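Q: If it helps, the file is called query06.txt and holds compact mmCIF, C-alpha atoms:
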```txt
# COMPACT_ATOMS: atom_id res chain seq x y z
CA MET A 36 -6.49 7.95 -24.07
CA LEU A 37 -9.17 8.94 -21.58
CA SER A 38 -11.97 11.39 -22.05
CA GLY A 39 -14.29 13.46 -19.91
CA GLY A 40 -17.46 14.45 -21.75
CA THR A 41 -16.49 15.77 -25.17
CA VAL A 42 -12.91 16.58 -24.12
CA THR A 43 -10.17 14.03 -24.63
CA ILE A 44 -6.84 14.05 -22.86
CA THR A 45 -3.75 11.99 -23.64
CA LYS A 46 -1.15 13.58 -21.36
CA ALA A 47 -1.19 15.12 -17.90
CA ASP A 48 1.09 16.63 -15.31
CA PHE A 49 -0.41 16.23 -11.84
CA SER A 50 2.55 17.80 -10.02
CA GLN A 51 0.63 21.00 -9.24
CA LEU A 52 -2.33 19.16 -7.69
CA THR A 53 -3.08 18.70 -4.01
CA ILE A 54 -5.40 15.78 -3.26
CA LEU A 55 -6.88 14.92 0.13
CA VAL A 56 -7.56 11.22 0.76
CA ILE A 57 -9.95 10.46 3.63
CA ASP A 58 -10.21 6.83 4.70
CA ASP A 59 -10.21 5.16 8.10
CA SER A 60 -8.45 2.10 6.70
CA ASP A 61 -4.68 2.32 6.86
CA PHE A 62 -4.36 -0.24 4.07
CA LEU A 63 -6.68 1.67 1.71
CA ARG A 64 -4.98 4.98 2.45
CA ARG A 65 -1.61 3.45 1.59
CA LEU A 66 -2.99 1.90 -1.59
CA VAL A 67 -4.55 5.15 -2.85
CA LEU A 68 -1.41 7.03 -1.79
CA GLU A 69 0.73 4.72 -3.94
CA MET A 70 -1.63 5.08 -6.90
CA LEU A 71 -1.66 8.88 -6.68
CA SER A 72 2.13 8.96 -6.21
CA GLY A 73 2.40 6.85 -9.35
CA PHE A 74 0.29 9.43 -11.17
CA GLY A 75 2.78 12.06 -10.05
CA VAL A 76 0.38 14.03 -7.86
CA GLY A 77 2.40 16.83 -6.25
CA LYS A 78 0.91 16.84 -2.76
CA ILE A 79 -1.14 14.08 -1.17
CA LEU A 80 -2.80 14.77 2.17
CA LEU A 81 -3.99 11.81 4.20
CA ALA A 82 -6.70 11.80 6.86
CA GLU A 83 -8.04 8.82 8.77
CA SER A 84 -11.19 10.53 10.00
CA ALA A 85 -13.59 13.33 9.13
CA GLN A 86 -12.24 15.35 12.03
CA GLU A 87 -8.66 15.03 10.81
CA ALA A 88 -9.78 15.84 7.25
CA PHE A 89 -11.36 19.15 8.25
CA ALA A 90 -8.30 19.98 10.36
CA ARG A 91 -6.08 19.39 7.32
CA MET A 92 -8.33 21.56 5.16
CA GLU A 93 -7.80 24.40 7.61
CA VAL A 94 -4.08 24.29 6.81
CA ALA A 95 -4.02 23.41 3.11
CA ARG A 96 -6.91 23.60 0.71
CA PRO A 97 -7.00 20.52 -1.54
CA ASP A 98 -7.87 20.72 -5.24
CA LEU A 99 -9.80 17.49 -4.97
CA ILE A 100 -11.04 15.11 -2.29
CA ILE A 101 -11.19 11.31 -2.44
CA CYS A 102 -13.23 10.00 0.48
CA ASP A 103 -14.43 6.58 1.61
CA TRP A 104 -18.15 6.35 2.34
CA GLN A 105 -18.05 3.60 4.98
CA MET A 106 -16.00 5.28 7.68
CA HIS A 107 -16.51 5.16 11.41
CA PRO A 108 -17.68 7.10 13.39
CA VAL A 109 -18.48 9.85 10.84
CA ASP A 110 -19.02 8.50 7.33
CA GLY A 111 -18.09 9.95 3.97
CA LEU A 112 -21.62 11.08 3.22
CA ALA A 113 -21.59 13.23 6.37
CA VAL A 114 -18.28 14.76 5.22
CA LEU A 115 -19.76 15.51 1.80
CA ARG A 116 -22.92 17.03 3.31
CA LYS A 117 -20.86 19.29 5.57
CA LEU A 118 -18.83 20.46 2.58
CA ARG A 119 -21.82 21.03 0.34
CA LEU A 120 -24.35 22.38 2.86
CA GLN A 121 -21.95 24.91 4.34
CA PRO A 122 -20.28 26.43 1.30
CA SER A 123 -18.05 29.12 2.68
CA GLU A 124 -14.59 30.53 2.34
CA ASP A 125 -13.36 27.59 4.42
CA TYR A 126 -15.12 24.99 2.32
CA PRO A 127 -15.47 26.16 -1.29
CA ARG A 128 -16.86 23.70 -3.80
CA ILE A 129 -14.00 21.23 -3.90
CA PRO A 130 -14.48 18.35 -6.37
CA PHE A 131 -15.33 15.20 -4.42
CA ILE A 132 -14.93 11.54 -5.40
CA MET A 133 -16.71 9.00 -3.20
CA LEU A 134 -15.20 5.54 -2.67
CA THR A 135 -17.56 2.81 -1.62
CA GLY A 136 -18.19 -0.89 -1.38
CA HIS A 137 -21.84 -0.30 -2.29
CA ASN A 138 -22.81 -0.43 -5.93
CA SER A 139 -26.60 -0.16 -5.82
CA THR A 140 -28.30 2.46 -7.97
CA ASP A 141 -29.78 4.01 -4.83
CA ASP A 142 -26.34 4.55 -3.33
CA VAL A 143 -24.98 6.12 -6.50
CA THR A 144 -28.05 8.38 -6.69
CA THR A 145 -27.64 9.35 -3.03
CA ALA A 146 -23.96 10.23 -3.39
CA ILE A 147 -24.44 12.21 -6.59
CA GLY A 148 -27.56 13.87 -5.16
CA GLU A 149 -25.57 15.06 -2.15
CA GLY A 150 -23.01 16.66 -4.44
CA ALA A 151 -20.38 14.02 -5.16
CA ASP A 152 -18.70 14.60 -8.52
CA SER A 153 -17.91 10.96 -9.07
CA TYR A 154 -18.35 7.59 -7.44
CA ILE A 155 -15.92 4.64 -7.43
CA VAL A 156 -16.97 1.16 -6.36
CA LYS A 157 -14.33 -0.96 -4.63
CA PRO A 158 -12.32 -2.87 -5.68
CA PHE A 159 -10.87 -0.55 -8.30
CA SER A 160 -7.72 -0.40 -10.40
CA SER A 161 -5.33 2.48 -11.00
CA ALA A 162 -6.88 2.84 -14.48
CA THR A 163 -10.33 3.28 -12.91
CA LEU A 164 -9.02 5.85 -10.45
CA MET A 165 -7.36 7.74 -13.32
CA THR A 166 -10.59 7.70 -15.36
CA HIS A 167 -12.57 9.21 -12.47
CA LEU A 168 -9.86 11.76 -11.68
CA LEU A 169 -9.83 12.98 -15.28
CA LYS A 170 -13.61 13.04 -15.44
CA VAL A 171 -13.75 15.31 -12.40
CA ILE A 172 -10.79 17.44 -13.49
CA LEU A 173 -12.12 18.01 -16.99
CA ALA A 174 -15.55 18.93 -15.62
CA ASP A 175 -14.05 21.52 -13.25
CA LYS A 176 -14.40 25.10 -14.42
CA GLY A 177 -12.63 26.77 -11.51
CA HIS A 178 -14.53 28.55 -8.78
CA LEU A 179 -14.55 31.87 -7.07
CA ASP A 180 -12.09 31.79 -4.26
CA THR A 181 -13.45 34.13 -1.63
CA LYS A 182 -10.34 34.13 0.57
CA GLU A 183 -8.22 35.02 -2.44
CA ALA A 184 -10.78 37.59 -3.54
CA TRP A 185 -10.73 39.33 -0.18
CA ALA A 186 -6.97 39.49 -0.28
CA VAL A 187 -6.99 41.32 -3.63
CA MET B 61 -13.13 38.94 -7.60
CA SER B 62 -10.53 36.40 -8.63
CA LYS B 63 -11.19 32.94 -9.77
CA ARG B 64 -8.89 29.99 -9.11
CA SER B 65 -7.55 28.29 -12.19
CA SER B 66 -9.45 25.24 -13.36
CA LEU B 67 -8.03 21.85 -12.54
CA ARG B 68 -7.60 21.23 -16.25
CA ASP B 69 -5.25 24.20 -16.42
CA LYS B 70 -3.37 22.82 -13.42
CA ILE B 71 -2.63 19.48 -15.09
CA SER B 72 -1.57 21.04 -18.39
CA GLY B 73 2.01 21.58 -17.28
CA PRO B 74 5.04 21.41 -19.55
CA ASN B 75 6.09 18.07 -18.04
CA ALA B 76 2.93 16.23 -19.02
CA VAL B 77 3.33 12.46 -19.39
CA SER B 78 1.07 10.08 -21.28
CA ILE B 79 -1.89 8.82 -19.27
CA GLU B 80 -1.02 5.21 -20.08
CA THR B 81 2.45 5.64 -18.58
CA LEU B 82 1.03 7.21 -15.42
CA VAL B 83 -1.48 4.36 -15.03
CA GLU B 84 1.27 1.77 -15.45
CA ARG B 85 3.42 3.50 -12.82
CA ALA B 86 0.49 3.61 -10.40
CA ALA B 87 -0.37 -0.04 -11.04
CA SER B 88 3.10 -1.26 -10.18
CA ALA B 89 3.23 0.99 -7.11
CA SER B 90 -0.14 -0.25 -5.84
CA GLN B 91 0.89 -3.85 -6.45
CA ARG B 92 3.57 -3.47 -3.80
CA VAL B 93 0.91 -2.49 -1.25
CA GLN B 94 -1.43 -5.28 -2.31
CA GLN B 95 1.36 -7.79 -1.69
CA GLN B 96 1.45 -6.59 1.90
CA PHE B 97 -2.19 -7.59 2.47
CA ASP B 98 -1.28 -10.91 4.12
CA THR B 99 0.81 -9.13 6.76
CA PHE B 100 -1.97 -6.60 7.31
CA LEU B 101 -4.55 -9.40 7.66
CA LYS B 102 -2.45 -11.29 10.19
CA LEU B 103 -2.17 -8.18 12.37
CA ARG B 104 -5.86 -7.32 12.17
CA VAL B 105 -7.04 -10.89 12.85
CA GLY B 106 -4.78 -10.84 15.92
CA ASP B 107 -6.59 -7.67 17.02
CA LEU B 108 -9.96 -9.38 16.55
CA GLU B 109 -8.88 -12.37 18.63
CA ALA B 110 -7.69 -10.10 21.42
CA LEU B 111 -11.05 -8.27 21.52
CA GLN B 112 -13.20 -11.42 21.61
CA ALA B 113 -12.70 -12.02 25.34
CA HIS B 114 -13.84 -8.47 26.21
CA MET B 115 -16.94 -8.82 24.05
CA ALA B 116 -18.03 -12.02 25.77
CA ARG B 117 -18.05 -10.22 29.13
CA ASP B 118 -20.25 -7.31 28.08
CA PRO B 119 -22.55 -7.10 25.02
CA GLU B 120 -22.55 -3.28 25.21
CA ALA B 121 -18.79 -2.91 25.65
CA GLU B 122 -16.74 -0.56 23.48
CA ALA B 123 -14.94 -3.71 22.38
CA TRP B 124 -17.90 -4.51 20.09
CA ARG B 125 -17.54 -1.19 18.31
CA ASN B 126 -13.79 -1.64 17.96
CA PHE B 127 -14.26 -5.19 16.72
CA PHE B 128 -16.80 -4.00 14.13
CA THR B 129 -14.44 -1.24 12.94
CA ILE B 130 -11.66 -3.77 12.37
CA VAL B 131 -13.98 -6.09 10.45
CA ARG B 132 -14.95 -3.18 8.17
CA ASP B 133 -11.30 -2.33 7.68
CA ILE B 134 -10.50 -5.90 6.65
CA ARG B 135 -13.54 -6.05 4.37
CA GLY B 136 -12.69 -2.87 2.48
CA SER B 137 -9.00 -3.73 2.23
CA SER B 138 -9.66 -7.30 1.09
CA ALA B 139 -11.84 -6.01 -1.73
CA LEU B 140 -9.04 -3.77 -2.99
CA ALA B 141 -6.50 -6.56 -2.64
CA GLY B 142 -8.79 -8.87 -4.62
CA LYS B 143 -9.18 -11.30 -1.69
CA MET B 144 -12.85 -12.00 -2.20
CA GLY B 145 -12.98 -15.03 0.13
CA VAL B 146 -11.87 -12.86 3.04
CA ASN B 147 -14.30 -10.23 1.87
CA ARG B 148 -17.21 -12.68 2.08
CA PHE B 149 -16.24 -13.79 5.61
CA CYS B 150 -16.26 -10.15 6.67
CA ILE B 151 -19.64 -9.40 5.08
CA SER B 152 -21.14 -12.35 6.97
CA LEU B 153 -19.46 -11.23 10.20
CA GLU B 154 -20.72 -7.65 9.75
CA THR B 155 -24.26 -8.96 9.37
CA LEU B 156 -23.82 -11.02 12.51
CA LEU B 157 -22.60 -8.02 14.50
CA GLN B 158 -25.15 -5.54 13.20
CA GLU B 159 -28.27 -7.62 12.81
CA ARG B 160 -28.19 -10.36 15.44
CA ASP B 161 -28.78 -10.31 19.20
CA PRO B 162 -25.43 -9.94 21.03
CA ALA B 163 -26.96 -11.59 24.11
CA ASP B 164 -27.92 -14.74 22.23
CA PRO B 165 -26.01 -17.66 23.80
CA ARG B 166 -24.91 -18.84 20.32
CA MET B 167 -23.35 -15.48 19.48
CA PRO B 168 -19.82 -16.10 20.89
CA SER B 169 -19.40 -19.32 18.93
CA ALA B 170 -20.80 -17.71 15.75
CA ILE B 171 -18.27 -14.88 16.06
CA ALA B 172 -15.49 -17.35 16.87
CA SER B 173 -16.29 -19.37 13.73
CA HIS B 174 -15.85 -16.29 11.55
CA VAL B 175 -12.61 -15.28 13.27
CA ASP B 176 -11.35 -18.86 12.93
CA ALA B 177 -12.09 -18.74 9.21
CA LEU B 178 -10.05 -15.55 8.89
CA HIS B 179 -7.28 -17.09 11.01
CA ILE B 180 -7.13 -20.12 8.69
CA VAL B 181 -6.68 -17.73 5.75
CA THR B 182 -3.71 -16.12 7.49
CA LEU B 183 -2.18 -19.59 7.86
CA GLY B 184 -2.62 -20.17 4.13
CA LYS B 185 -4.81 -23.20 4.80
CA ALA B 186 -8.22 -21.95 3.67
CA GLY B 187 -7.95 -23.39 0.19
CA ASP B 188 -8.75 -21.59 -3.05
CA GLU B 189 -11.39 -18.89 -3.63
CA LEU B 190 -14.07 -21.53 -4.30
CA SER B 191 -13.38 -23.33 -1.00
CA GLN B 192 -13.47 -20.01 0.83
CA SER B 193 -16.70 -19.09 -0.92
CA LEU B 194 -18.32 -22.35 0.22
CA LEU B 195 -17.11 -21.77 3.78
CA ALA B 196 -18.50 -18.22 3.68
CA GLU B 197 -21.83 -19.64 2.58
CA GLN B 198 -21.87 -21.99 5.60
CA LEU B 199 -21.07 -19.09 7.90
CA SER B 200 -23.89 -17.04 6.39
CA LEU B 201 -26.31 -19.89 6.98
CA ALA B 202 -25.25 -19.97 10.63
CA VAL B 203 -25.88 -16.22 10.86
CA ASP B 204 -29.30 -16.62 9.20
CA SER B 205 -30.31 -19.12 11.90
CA LEU B 206 -30.00 -16.48 14.64
CA PRO B 207 -32.85 -14.08 15.55
CA VAL B 208 -32.67 -10.67 13.91
CA ILE B 209 -32.07 -7.53 15.96
CA LYS B 210 -30.70 -4.32 14.46
CA ARG B 211 -27.69 -2.61 16.02
CA ASP B 212 -26.14 0.63 14.90
CA PHE B 213 -22.48 1.05 15.65
CA ARG B 214 -22.46 4.59 14.36
CA PRO B 215 -22.92 7.38 16.91
CA THR B 216 -25.37 10.14 16.04
CA VAL B 217 -23.67 12.61 13.70
```
Starting from the file, lay out its structure as structure tokens.
A:
Amino acid sequence: MLSGGTVTITKADFSQLTILVIDDSDFLRRLVLEMLSGFGVGKILLAESAQEAFARMEVARPDLIICDWQMHPVDGLAVLRKLRLQPSEDYPRIPFIMLTGHNSTDDVTTAIGEGADSYIVKPFSSATLMTHLLKVILADKGHLDTKEAWAV
Amino acid sequence: MSKRSSLRDKISGPNAVSIETLVERAASASQRVQQQFDTFLKLRVGDLEALQAHMARDPEAEAWRNFFTIVRDIRGSSALAGKMGVNRFCISLETLLQERDPADPRMPSAIASHVDALHIVTLGKAGDELSQSLLAEQLSLAVDSLPVIKRDFRPTV
């Protein structure tokens, strides 16, 4: 049983979720892909760079983003800043989980301060990933979707 | 204006499965990838060895950036695979690349020592985690003996 705030959840069906994983390491992408597949996530988008991630978001809007901080040449913090500083119909407020090898308080504060919804320090287990996913999912209230709104 | 459904609504489907079961499924799936770490490491160490010659010729060459990127890849992957000895070698090598003078005459041998350590791991001859930890400590001491100079491998964003 895992909980997010005051809400507790014992069962889940992730088949309707689309999650974008951004990591420049092929090994890490495959590992997170396998974990998310094991969770039964319906659609998993993979990007090995910030550029590829934004290109993928043009085609399919993810429900949630999992992004590595230490990427090259554009790091995960730059991706997060772009998403949060330019909220628009292209980049609505998509929940964002930062992956990192850093575990200092300063780094956590920086990531959260920039708008990350959660922060996972590597190495991590599938149970840890699930805990953070549920935390972010249970905290999500849904957001105005301007593209959808304009279409109505 | 419409509002998209919350993510909580999205995961409340009729085919919901217990969280424990999902975590177990994910753990066994990820274990398969973790078992492939040795193959991954062998390939990436081969890439590092191939780049070393280019780096010796030119301290500003793109080969340095590529080399650094591979080291970061190995470091992050080793952490997830639980290979902490490899992880320590990479941390020491990252410090060497980012914070020491590439033109220092001792630099090539310092880099080679780190790559050799990684190579020995791929051969399965680096001993247990404690032995690797002691070796990583020796490598760090070698790095500490070199003059400090900061390098940034990230281009301006």
Q: Show me as JSON, numbers by chain the residues that reach within 12 Å of (-4.8, 5.1, 5.5), counting all atoms listed in the file and using the file's own coordinates.
A: {"A": [55, 56, 57, 58, 59, 60, 61, 62, 63, 64, 65, 66, 67, 68, 69, 79, 80, 81, 82, 83, 84, 87, 88, 101, 102, 103, 106], "B": [93, 133, 136, 137]}
Q: Using all atoms listed in the file, I'd like every residue of chain A that has an atom within 6 Å of chain B; please write them out as a list of chain:residue names.
A: A:Thr45, A:Lys46, A:Ala47, A:Asp48, A:Phe49, A:Ser60, A:Leu63, A:Leu66, A:Glu69, A:Met70, A:Gly73, A:Phe74, A:Pro108, A:Pro158, A:Ser161, A:Ala162, A:Ile172, A:Leu173, A:Asp175, A:Lys176, A:Gly177, A:His178, A:Leu179, A:Asp180, A:Ala184
Q: Could you pull the residues within 9 Å of A:Lys78, counting only C-alpha atoms, minus those fewer than 6 positions along the same chain, as a list of chain:residue names?
A: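 Residues meeting the cut-off are A:Ser50, A:Gln51, A:Leu52, A:Thr53, A:Ile54, A:Leu55, A:Ser72, A:Pro97.
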Q: Smallest atom-to-atom distance to B:Val175: which of B:Leu199, B:Lys102, B:Asp204, B:Leu108, using only C-alpha atoms?
A: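 That would be B:Leu108, the residue with the smallest distance to B:Val175.
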Q: Neighbouring residues of B:Ser200 were defined as those with any atom within 12 Å, considering only C-alpha atoms; residues of the same chain fewer than 6 positions away were excluded. Please report them as a ChimeraX atom specification.
A: /B:148-156,170-171,173-174,193-194,206
Q: What's the separation between atom CA of A:Met165 and atom CA of A:Gly77, in Å to one decimal place?
A: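 We find that atom CA of A:Met165 and atom CA of A:Gly77 lie 15.1 Å from each other.
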Q: Of the candidates B:Gly187, B:Gly145, B:Pro168, B:Pro207, which one gets nearest to B:His114 if we count all atoms listed in the file?
A: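 Between B:Gly187, B:Gly145, B:Pro168, B:Pro207, the residue approaching B:His114 most closely is B:Pro168.
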Q: With all atoms listed in the file as the counted atoms, please give the residues lying no more than 12 Å from A:Val171, apart from itself and same-chain residues fewer than 4 positions off, as a ChimeraX atom specification.
A: /A:38-40,42,98-101,129-133,151-155,164-167,175-177 /B:66-68
Q: In Å, with one decimal, what is the gap from atom CA of A:Val143 to atom CA of A:Val156?
A: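 These two atoms are separated by 9.4 Å.
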Q: Looking at only C-alpha atoms, which of B:Asp161, B:Val131, B:Leu195, B:Leu201 is the one that sits closest to A:Gln105?
A: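 Result for the nearest residue to A:Gln105: B:Val131.
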Q: Work out how far atom CA of B:Leu183 is from atom CA of B:Ala116, in Å to one decimal.
A: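 The value is 25.1 Å.
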Q: Tell me which protein, DNA and RNA residues are within 9 Å of B:Ala172, counting only C-alpha atoms, leaving out same-chain ones fewer than 5 positions away, and put them as a ChimeraX atom specification.
A: /B:109,112,167,177
Q: Using C-alpha atoms, can you export the residues from the last selection as a compact mmCIF listing (two decimals), in the coordinates of the input?
A:
```
# COMPACT_ATOMS: atom_id res chain seq x y z
CA GLU B 109 -8.88 -12.37 18.63
CA GLN B 112 -13.20 -11.42 21.61
CA MET B 167 -23.35 -15.48 19.48
CA ALA B 177 -12.09 -18.74 9.21
```
